[in-house]
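Following: one structure in structure tokens, then a few remarks.
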Amino acid sequence: MINRVIWIILDSVGMGELPDAARFGDKGANTLGNIATKRGHLSVPNMRALGLGNIEGMKNIPPVDMPKGCYARLAEISEGKDTTIGHWEMIGIHSKQPFPTYPNGFPKELIDRFLSLTHVPGILGNCAASGTEIIKQYGAEHVRTKKPIVYTSADSVFQIACHEAIYPPEKLYQLCKAARGMLNGKDAVARVIARPFIGEEGAYIRTENRRDFSLKPPKDNLLIRMQEAGLDVIAVGKIEDIFDKEGITEAVHTKDNMDGVQKTLEYMAKKNRGVIFTNLVEFDMKWGHRNDIEGYANGLEEFDRVLPKILEAMKEDDILMINADHGCDPTTPGTDHTREYIPLLVYGKALKENIDLKTGKTFANIGQTIAEIFKLTPLSVGESFLSKVIR
């Protein structure tokens, strides 16, 4: 019997363009493959031992003869390529309509409503921009005028950047909650994101106090089923924010990837039954969006070096699932997410070794499998692979 799933999301670690990638402007995207090529080498022996290089369609990461894990690549059926849509699909939510985006900035009526709700002295920005670049551009004026910096990206996000000396994090969160409350109907963006920063002009840096205020997911999903069945749904990192706390029984936020790994290990050492659901966001936030190939490669190698600690901490009735939620290829000219297949590695002492699950039709195959593990009502989308991997 499987008692617990340790589910780790390597945020944005995609593995090659989906058939419809051109429609999203992502022809040629391959986060893992292109990083390995541009870097010249990528040393991830522990993930390779689980089957990373053996996944169907994997490029530039060599296979091993006898992987210890089960492995697959999964396609996305939802209309999007962002964090929310990717995570929602994993738990059985098929988003048939894309969330709204604002490539030319937010309409005047939305900004006017935000101003009337928050009573701030105006806003700066109101454009699609890189988060680090926009605070360089408007940071000093923001400090002088106390006007929040409001911006978006290619994703469905309403982002508010403020200096912590001008708007302490709790005050910034209040602004974000006001924005979240007004962004509904046709303007129901996937996430409102608080982007606090510190420092002096010319040397502003974003802090660890980022918070995401997500749209509430539909109730028909894996996490709600697990919670209602009395199972633990432990959220590590930004998982709690992605699902707006829905279906979460316990949560902890993290500073960076290694803090996320440490928090996961701490929960693994405790007695719980259900899922420990972890998101390691630095791949996306720190390296993917900034086109930092070397940083991304180093981050992958760092995770690979600590992976044995996770494997050693696993109990006989644990299984480990490692996958991504979309791509964010740092080798491409743009800085946005990329429409890609995601890799999936599955390992546990209760599972067979070297099982090639080929290419799955949807990320929801993961959630459907977890639903079957815990004998829950099947999800509305996805195909369980449990029978193929269980001993």
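Letters A, B, ... mark the chains of the structure tokens in the order given; residue numbers begin at 1 per chain; ligand numbers begin at 1, in order shown.
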
If you run DSSP on this backbone, which residues of stretch 107-298 of chain A come out as strand (DSSP E or B), and could you give them as number ranges by chain? A: 124-128, 149-152, 157-163, 191-198, 205-206, 211-214, 232-236, 250-252, 274-280

Would you save the residues from that selection as a PDB file, in the first residue's frame, using C-alpha atoms?
```pdb
ATOM      1  CA  LEU A 124       3.323  53.894 -12.435  1.00  0.00           C
ATOM      2  CA  GLY A 125       3.970  51.551 -15.336  1.00  0.00           C
ATOM      3  CA  ASN A 126       0.752  49.901 -16.508  1.00  0.00           C
ATOM      4  CA  CYS A 127       2.529  47.908 -19.199  1.00  0.00           C
ATOM      5  CA  ALA A 128       3.879  44.443 -19.910  1.00  0.00           C
ATOM      6  CA  ILE A 149       4.233  50.148  -9.849  1.00  0.00           C
ATOM      7  CA  VAL A 150       1.536  48.134 -11.643  1.00  0.00           C
ATOM      8  CA  TYR A 151       2.501  45.892 -14.539  1.00  0.00           C
ATOM      9  CA  THR A 152       1.774  42.599 -16.293  1.00  0.00           C
ATOM     10  CA  VAL A 157      -1.137  38.460 -14.050  1.00  0.00           C
ATOM     11  CA  PHE A 158      -1.737  41.800 -12.326  1.00  0.00           C
ATOM     12  CA  GLN A 159       1.535  42.594 -10.552  1.00  0.00           C
ATOM     13  CA  ILE A 160       2.180  45.302  -7.986  1.00  0.00           C
ATOM     14  CA  ALA A 161       5.762  46.244  -7.082  1.00  0.00           C
ATOM     15  CA  CYS A 162       6.471  48.425  -4.046  1.00  0.00           C
ATOM     16  CA  HIS A 163       9.540  49.301  -1.993  1.00  0.00           C
ATOM     17  CA  ARG A 191      -2.933  35.708 -10.341  1.00  0.00           C
ATOM     18  CA  VAL A 192      -2.395  39.016  -8.600  1.00  0.00           C
ATOM     19  CA  ILE A 193       1.240  39.073  -7.493  1.00  0.00           C
ATOM     20  CA  ALA A 194       2.882  41.185  -4.776  1.00  0.00           C
ATOM     21  CA  ARG A 195       6.435  42.080  -5.828  1.00  0.00           C
ATOM     22  CA  PRO A 196       8.171  43.829  -2.911  1.00  0.00           C
ATOM     23  CA  PHE A 197      11.703  45.175  -3.303  1.00  0.00           C
ATOM     24  CA  ILE A 198      14.375  46.944  -1.245  1.00  0.00           C
ATOM     25  CA  ILE A 205      16.489  43.924  -5.444  1.00  0.00           C
ATOM     26  CA  ARG A 206      13.279  41.930  -5.070  1.00  0.00           C
ATOM     27  CA  ARG A 211       2.903  36.551  -2.536  1.00  0.00           C
ATOM     28  CA  ASP A 212       0.485  35.260  -5.166  1.00  0.00           C
ATOM     29  CA  PHE A 213      -3.254  35.855  -4.861  1.00  0.00           C
ATOM     30  CA  SER A 214      -4.794  33.323  -7.214  1.00  0.00           C
ATOM     31  CA  ASP A 232      -3.059  15.477   4.428  1.00  0.00           C
ATOM     32  CA  VAL A 233      -2.421  18.014   1.674  1.00  0.00           C
ATOM     33  CA  ILE A 234       0.770  19.740   2.788  1.00  0.00           C
ATOM     34  CA  ALA A 235       1.792  22.700   0.621  1.00  0.00           C
ATOM     35  CA  VAL A 236       5.451  23.751   0.489  1.00  0.00           C
ATOM     36  CA  GLU A 250      -1.152  22.694   6.081  1.00  0.00           C
ATOM     37  CA  ALA A 251       1.253  25.104   4.376  1.00  0.00           C
ATOM     38  CA  VAL A 252       4.659  26.704   4.671  1.00  0.00           C
ATOM     39  CA  GLY A 274      -1.533  11.998   1.786  1.00  0.00           C
ATOM     40  CA  VAL A 275       0.613  14.329  -0.285  1.00  0.00           C
ATOM     41  CA  ILE A 276       3.535  16.660   0.428  1.00  0.00           C
ATOM     42  CA  PHE A 277       3.202  19.054  -2.520  1.00  0.00           C
ATOM     43  CA  THR A 278       6.275  21.226  -3.139  1.00  0.00           C
ATOM     44  CA  ASN A 279       7.009  23.923  -5.720  1.00  0.00           C
ATOM     45  CA  LEU A 280      10.620  24.937  -6.342  1.00  0.00           C
TER      46      LEU A 280
END
```

Can you tell me, as a PyMOL selection string, what residues are no more than 10 Å from stretch 297-309 of chain A when counting only C-alpha atoms, ignoring any on the same chain fewer than 3 positions away? chain A and resi 10+13+32+35-36+38-39+41-48+257-258+261-262+265+280+282-283+286-287+292-294+312-314

Which residues of stretch 367-390 of chain A come within 10 Å of stretch 348-353 of chain A, and for each one, what is the closest pair of atoms and their distance in Å to one decimal, counting only C-alpha atoms, sorted by chain and residue number, as CSV?
```
residue,atom,partner,partner_atom,distance
A:Leu386,CA,A:Leu351,CA,9.0
A:Ser387,CA,A:Leu351,CA,9.8
A:Lys388,CA,A:Lys352,CA,8.4
A:Val389,CA,A:Lys352,CA,5.4
A:Ile390,CA,A:Leu351,CA,4.5
```

Please save N, CA, C and O atoms of the selected residues as a CSV table (one decimal), in the first residue's frame.
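Result written to out_30.csv:
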```
chain,number,residue,atom,x,y,z
A,386,LEU,N,-1.2,4.0,-12.5
A,386,LEU,CA,-0.8,3.2,-11.4
A,386,LEU,C,-0.6,1.7,-11.7
A,386,LEU,O,0.3,1.1,-11.2
A,387,SER,N,-1.5,1.1,-12.4
A,387,SER,CA,-1.5,-0.3,-12.7
A,387,SER,C,-0.2,-0.7,-13.5
A,387,SER,O,0.3,-1.8,-13.5
A,388,LYS,N,0.4,0.3,-14.2
A,388,LYS,CA,1.6,0.0,-15.0
A,388,LYS,C,2.8,0.1,-14.2
A,388,LYS,O,3.9,-0.5,-14.6
A,389,VAL,N,2.8,0.7,-13.0
A,389,VAL,CA,4.0,1.0,-12.3
A,389,VAL,C,4.0,0.2,-10.9
A,389,VAL,O,5.1,0.0,-10.4
A,390,ILE,N,2.9,-0.2,-10.4
A,390,ILE,CA,2.9,-0.8,-9.1
A,390,ILE,C,3.4,-2.2,-9.2
A,390,ILE,O,3.1,-2.9,-10.1
```

Distance atom CA of A:Leu18-atom CA of A:Ala190, one decimal place?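 Result for atom CA of A:Leu18 versus atom CA of A:Ala190: 21.9 Å, one decimal.
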
With only C-alpha atoms as the basis for distance, which of A:Ile370, A:Ile93, A:Leu345, A:Met1 is at the shortest distance from A:Ser78?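 Result for the nearest residue to A:Ser78: A:Ile93.
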
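Atom CA of A:Asp284 is positioned 14.5 Å from atom CA of A:Ala29.
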
At a cut-off of 9 Å, using only C-alpha atoms, what residues contact A:His253? Leave out same-chain residues fewer than 4 positions from it and give the result as a VMD selection string. chain A and resid 235 to 240 260 263

Residue selection dump (N, CA and C atoms) as a PDB file, in the first residue's frame:
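The result, stored in selection-v2.pdb:
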```
ATOM      1  N   ALA A 235       1.301  21.837   1.688  1.00  0.00           N
ATOM      2  CA  ALA A 235       1.792  22.700   0.621  1.00  0.00           C
ATOM      3  C   ALA A 235       3.103  23.358   1.033  1.00  0.00           C
ATOM      4  N   VAL A 236       4.138  23.168   0.228  1.00  0.00           N
ATOM      5  CA  VAL A 236       5.451  23.751   0.489  1.00  0.00           C
ATOM      6  C   VAL A 236       5.788  24.720  -0.643  1.00  0.00           C
ATOM      7  N   GLY A 237       6.151  25.953  -0.280  1.00  0.00           N
ATOM      8  CA  GLY A 237       6.432  26.958  -1.303  1.00  0.00           C
ATOM      9  C   GLY A 237       5.160  27.678  -1.701  1.00  0.00           C
ATOM     10  N   LYS A 238       5.022  28.000  -2.988  1.00  0.00           N
ATOM     11  CA  LYS A 238       3.880  28.806  -3.429  1.00  0.00           C
ATOM     12  C   LYS A 238       2.639  27.981  -3.773  1.00  0.00           C
ATOM     13  N   ILE A 239       2.662  26.683  -3.461  1.00  0.00           N
ATOM     14  CA  ILE A 239       1.505  25.822  -3.744  1.00  0.00           C
ATOM     15  C   ILE A 239       0.234  26.388  -3.114  1.00  0.00           C
ATOM     16  N   GLU A 240       0.308  26.815  -1.861  1.00  0.00           N
ATOM     17  CA  GLU A 240      -0.864  27.360  -1.179  1.00  0.00           C
ATOM     18  C   GLU A 240      -1.446  28.538  -1.950  1.00  0.00           C
ATOM     19  N   GLY A 260      13.008  25.054   0.142  1.00  0.00           N
ATOM     20  CA  GLY A 260      11.881  24.190  -0.209  1.00  0.00           C
ATOM     21  C   GLY A 260      12.215  22.725  -0.014  1.00  0.00           C
ATOM     22  N   LYS A 263      12.331  22.084   3.801  1.00  0.00           N
ATOM     23  CA  LYS A 263      10.985  22.012   4.385  1.00  0.00           C
ATOM     24  C   LYS A 263      10.307  20.692   4.001  1.00  0.00           C
TER      25      LYS A 263
END
```

For A:Phe24, list every protein, DNA or RNA residue within 10 Å, evaluated using only C-alpha atoms, and leave out those in the same chain fewer than 2 positions away; present the list as a ChimeraX atom specification. /A:18,20-22,26-27,79-81,337-339

Using only all heavy atoms, please write the residues we just selected to a file, as an mmCIF file, in the first residue's frame.
```cif
data_model
loop_
_atom_site.group_PDB
_atom_site.id
_atom_site.type_symbol
_atom_site.label_atom_id
_atom_site.label_comp_id
_atom_site.auth_asym_id
_atom_site.auth_seq_id
_atom_site.Cartn_x
_atom_site.Cartn_y
_atom_site.Cartn_z
ATOM 1 N N LEU A 18 5.461 21.657 -27.492
ATOM 2 C CA LEU A 18 4.252 20.896 -27.786
ATOM 3 C C LEU A 18 3.880 21.093 -29.255
ATOM 4 O O LEU A 18 4.328 22.065 -29.891
ATOM 5 C CB LEU A 18 3.113 21.371 -26.884
ATOM 6 C CG LEU A 18 3.131 20.819 -25.457
ATOM 7 C CD1 LEU A 18 2.215 21.628 -24.548
ATOM 8 C CD2 LEU A 18 2.725 19.351 -25.442
ATOM 9 N N ASP A 20 1.402 22.348 -30.607
ATOM 10 C CA ASP A 20 0.770 23.642 -30.879
ATOM 11 C C ASP A 20 1.610 24.817 -30.373
ATOM 12 O O ASP A 20 1.110 25.931 -30.227
ATOM 13 C CB ASP A 20 -0.627 23.701 -30.256
ATOM 14 C CG ASP A 20 -0.610 23.546 -28.732
ATOM 15 O OD1 ASP A 20 0.481 23.347 -28.148
ATOM 16 O OD2 ASP A 20 -1.693 23.614 -28.115
ATOM 17 N N ALA A 21 2.915 24.601 -30.135
ATOM 18 C CA ALA A 21 3.759 25.647 -29.551
ATOM 19 C C ALA A 21 3.820 26.902 -30.419
ATOM 20 O O ALA A 21 3.888 28.022 -29.891
ATOM 21 C CB ALA A 21 5.170 25.107 -29.313
ATOM 22 N N ALA A 22 3.780 26.739 -31.729
ATOM 23 C CA ALA A 22 3.870 27.901 -32.618
ATOM 24 C C ALA A 22 2.715 28.865 -32.381
ATOM 25 O O ALA A 22 2.873 30.089 -32.497
ATOM 26 C CB ALA A 22 3.900 27.443 -34.076
ATOM 27 N N ASP A 26 6.121 29.839 -29.432
ATOM 28 C CA ASP A 26 7.185 29.098 -28.751
ATOM 29 C C ASP A 26 7.828 28.014 -29.610
ATOM 30 O O ASP A 26 8.346 27.024 -29.095
ATOM 31 C CB ASP A 26 6.633 28.469 -27.463
ATOM 32 C CG ASP A 26 6.190 29.521 -26.459
ATOM 33 O OD1 ASP A 26 6.846 30.565 -26.381
ATOM 34 O OD2 ASP A 26 5.182 29.296 -25.763
ATOM 35 N N LYS A 27 7.823 28.203 -30.920
ATOM 36 C CA LYS A 27 8.460 27.236 -31.807
ATOM 37 C C LYS A 27 9.938 27.098 -31.440
ATOM 38 O O LYS A 27 10.639 28.097 -31.286
ATOM 39 C CB LYS A 27 8.324 27.700 -33.261
ATOM 40 C CG LYS A 27 8.799 26.703 -34.294
ATOM 41 C CD LYS A 27 7.878 25.513 -34.397
ATOM 42 C CE LYS A 27 8.331 24.569 -35.520
ATOM 43 N NZ LYS A 27 7.570 23.300 -35.493
ATOM 44 N N GLU A 79 -5.724 25.613 -22.218
ATOM 45 C CA GLU A 79 -5.359 26.756 -23.055
ATOM 46 C C GLU A 79 -4.462 27.719 -22.283
ATOM 47 O O GLU A 79 -4.929 28.715 -21.723
ATOM 48 C CB GLU A 79 -6.625 27.470 -23.536
ATOM 49 C CG GLU A 79 -7.276 26.829 -24.734
ATOM 50 C CD GLU A 79 -6.408 26.927 -25.989
ATOM 51 O OE1 GLU A 79 -5.876 28.004 -26.261
ATOM 52 O OE2 GLU A 79 -6.266 25.899 -26.683
ATOM 53 N N GLY A 80 -3.185 27.406 -22.250
ATOM 54 C CA GLY A 80 -2.275 28.298 -21.563
ATOM 55 C C GLY A 80 -0.921 27.661 -21.374
ATOM 56 O O GLY A 80 -0.669 26.526 -21.798
ATOM 57 N N LYS A 81 -0.045 28.394 -20.716
ATOM 58 C CA LYS A 81 1.313 27.891 -20.469
ATOM 59 C C LYS A 81 1.868 28.523 -19.194
ATOM 60 O O LYS A 81 3.071 28.765 -19.087
ATOM 61 C CB LYS A 81 2.222 28.211 -21.661
ATOM 62 C CG LYS A 81 2.271 29.705 -22.042
ATOM 63 C CD LYS A 81 3.237 29.964 -23.179
ATOM 64 C CE LYS A 81 3.301 31.447 -23.544
ATOM 65 N NZ LYS A 81 4.310 31.726 -24.595
ATOM 66 N N HIS A 337 7.017 32.375 -20.209
ATOM 67 C CA HIS A 337 6.847 30.923 -20.202
ATOM 68 C C HIS A 337 6.782 30.391 -21.629
ATOM 69 O O HIS A 337 6.426 31.122 -22.565
ATOM 70 C CB HIS A 337 5.559 30.545 -19.473
ATOM 71 C CG HIS A 337 5.571 30.903 -18.023
ATOM 72 N ND1 HIS A 337 4.411 31.181 -17.311
ATOM 73 C CD2 HIS A 337 6.586 31.016 -17.132
ATOM 74 C CE1 HIS A 337 4.735 31.451 -16.051
ATOM 75 N NE2 HIS A 337 6.040 31.356 -15.925
ATOM 76 N N THR A 338 7.090 29.104 -21.772
ATOM 77 C CA THR A 338 7.058 28.466 -23.081
ATOM 78 C C THR A 338 6.173 27.223 -23.031
ATOM 79 O O THR A 338 6.123 26.504 -22.033
ATOM 80 C CB THR A 338 8.485 28.100 -23.543
ATOM 81 O OG1 THR A 338 9.248 27.585 -22.442
ATOM 82 C CG2 THR A 338 9.203 29.335 -24.083
ATOM 83 N N ARG A 339 5.467 26.992 -24.127
ATOM 84 C CA ARG A 339 4.479 25.899 -24.244
ATOM 85 C C ARG A 339 5.228 24.606 -24.543
ATOM 86 O O ARG A 339 5.625 24.351 -25.689
ATOM 87 C CB ARG A 339 3.488 26.264 -25.350
ATOM 88 C CG ARG A 339 2.437 25.200 -25.679
ATOM 89 C CD ARG A 339 1.254 25.253 -24.784
ATOM 90 N NE ARG A 339 0.157 24.425 -25.324
ATOM 91 C CZ ARG A 339 -0.969 24.181 -24.691
ATOM 92 N NH1 ARG A 339 -1.176 24.703 -23.490
ATOM 93 N NH2 ARG A 339 -1.906 23.443 -25.237
#
```

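Considering only C-alpha atoms, the residue among A:Val5, A:Ile248, A:Ile61, A:Leu74 positioned nearest to A:Arg273 is A:Val5.
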
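Reported to one decimal place, the separation of atom CA of A:Ile6 from atom CA of A:Gly53 is 21.4 Å.
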
Residues near A:Pro378, cut-off 12 Å, only C-alpha atoms, skip fewer than 6 positions along chain, as JSON, numbers by chain: {"A": [91, 92, 220, 221, 222, 225, 226, 364, 365, 366, 367, 368, 369, 370, 371, 372, 384]}

Please extract the residues of stretch 20-88 of chain A with a backbone DSSP assignment of helix (DSSP H, G or I) and present them as a ChimeraX atom specification. /A:21-24,31-39,45-50,52-54,83-88

Enumerate, in order of chain and increasing residue number, the residues of stretch 158-207 of chain A with an atom no farther than 9 Å from stretch 101-113 of chain A, each with its shortest atom pair and distance in Å to one decimal, counting only C-alpha atoms, as JSON lines.
```
{"residue": "A:Phe158", "atom": "CA", "partner": "A:Phe106", "partner_atom": "CA", "distance": 8.6}
{"residue": "A:Ala179", "atom": "CA", "partner": "A:Arg113", "partner_atom": "CA", "distance": 8.9}
{"residue": "A:Met182", "atom": "CA", "partner": "A:Arg113", "partner_atom": "CA", "distance": 7.8}
{"residue": "A:Leu183", "atom": "CA", "partner": "A:Leu110", "partner_atom": "CA", "distance": 8.3}
{"residue": "A:Asp187", "atom": "CA", "partner": "A:Thr101", "partner_atom": "CA", "distance": 8.6}
{"residue": "A:Val189", "atom": "CA", "partner": "A:Thr101", "partner_atom": "CA", "distance": 7.3}
```

For the selection you just gave me, I'd like the residues written to a file as a PDB file, in the first residue's frame, keeping N, CA and C atoms.
```
ATOM      1  N   PHE A 158      -1.679  40.396 -12.717  1.00  0.00           N
ATOM      2  CA  PHE A 158      -1.737  41.800 -12.326  1.00  0.00           C
ATOM      3  C   PHE A 158      -0.705  41.921 -11.208  1.00  0.00           C
ATOM      4  N   ALA A 179      -7.079  44.388  -5.458  1.00  0.00           N
ATOM      5  CA  ALA A 179      -7.058  44.105  -6.893  1.00  0.00           C
ATOM      6  C   ALA A 179      -7.701  42.756  -7.191  1.00  0.00           C
ATOM      7  N   MET A 182     -11.466  42.883  -7.320  1.00  0.00           N
ATOM      8  CA  MET A 182     -12.114  43.572  -8.447  1.00  0.00           C
ATOM      9  C   MET A 182     -11.902  42.842  -9.779  1.00  0.00           C
ATOM     10  N   LEU A 183     -10.923  41.946  -9.833  1.00  0.00           N
ATOM     11  CA  LEU A 183     -10.587  41.279 -11.085  1.00  0.00           C
ATOM     12  C   LEU A 183     -11.386  39.986 -11.210  1.00  0.00           C
ATOM     13  N   ASP A 187     -12.407  39.936 -16.573  1.00  0.00           N
ATOM     14  CA  ASP A 187     -11.083  40.383 -16.120  1.00  0.00           C
ATOM     15  C   ASP A 187     -10.510  39.497 -15.016  1.00  0.00           C
ATOM     16  N   VAL A 189      -8.126  37.573 -13.927  1.00  0.00           N
ATOM     17  CA  VAL A 189      -6.755  37.139 -14.176  1.00  0.00           C
ATOM     18  C   VAL A 189      -6.418  35.959 -13.267  1.00  0.00           C
TER      19      VAL A 189
END
```

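Each of A:Thr83, A:Asn209, A:Thr331, A:Thr31 was checked against A:Lys171 using only C-alpha atoms; the smallest atom-to-atom distance is that of A:Asn209.
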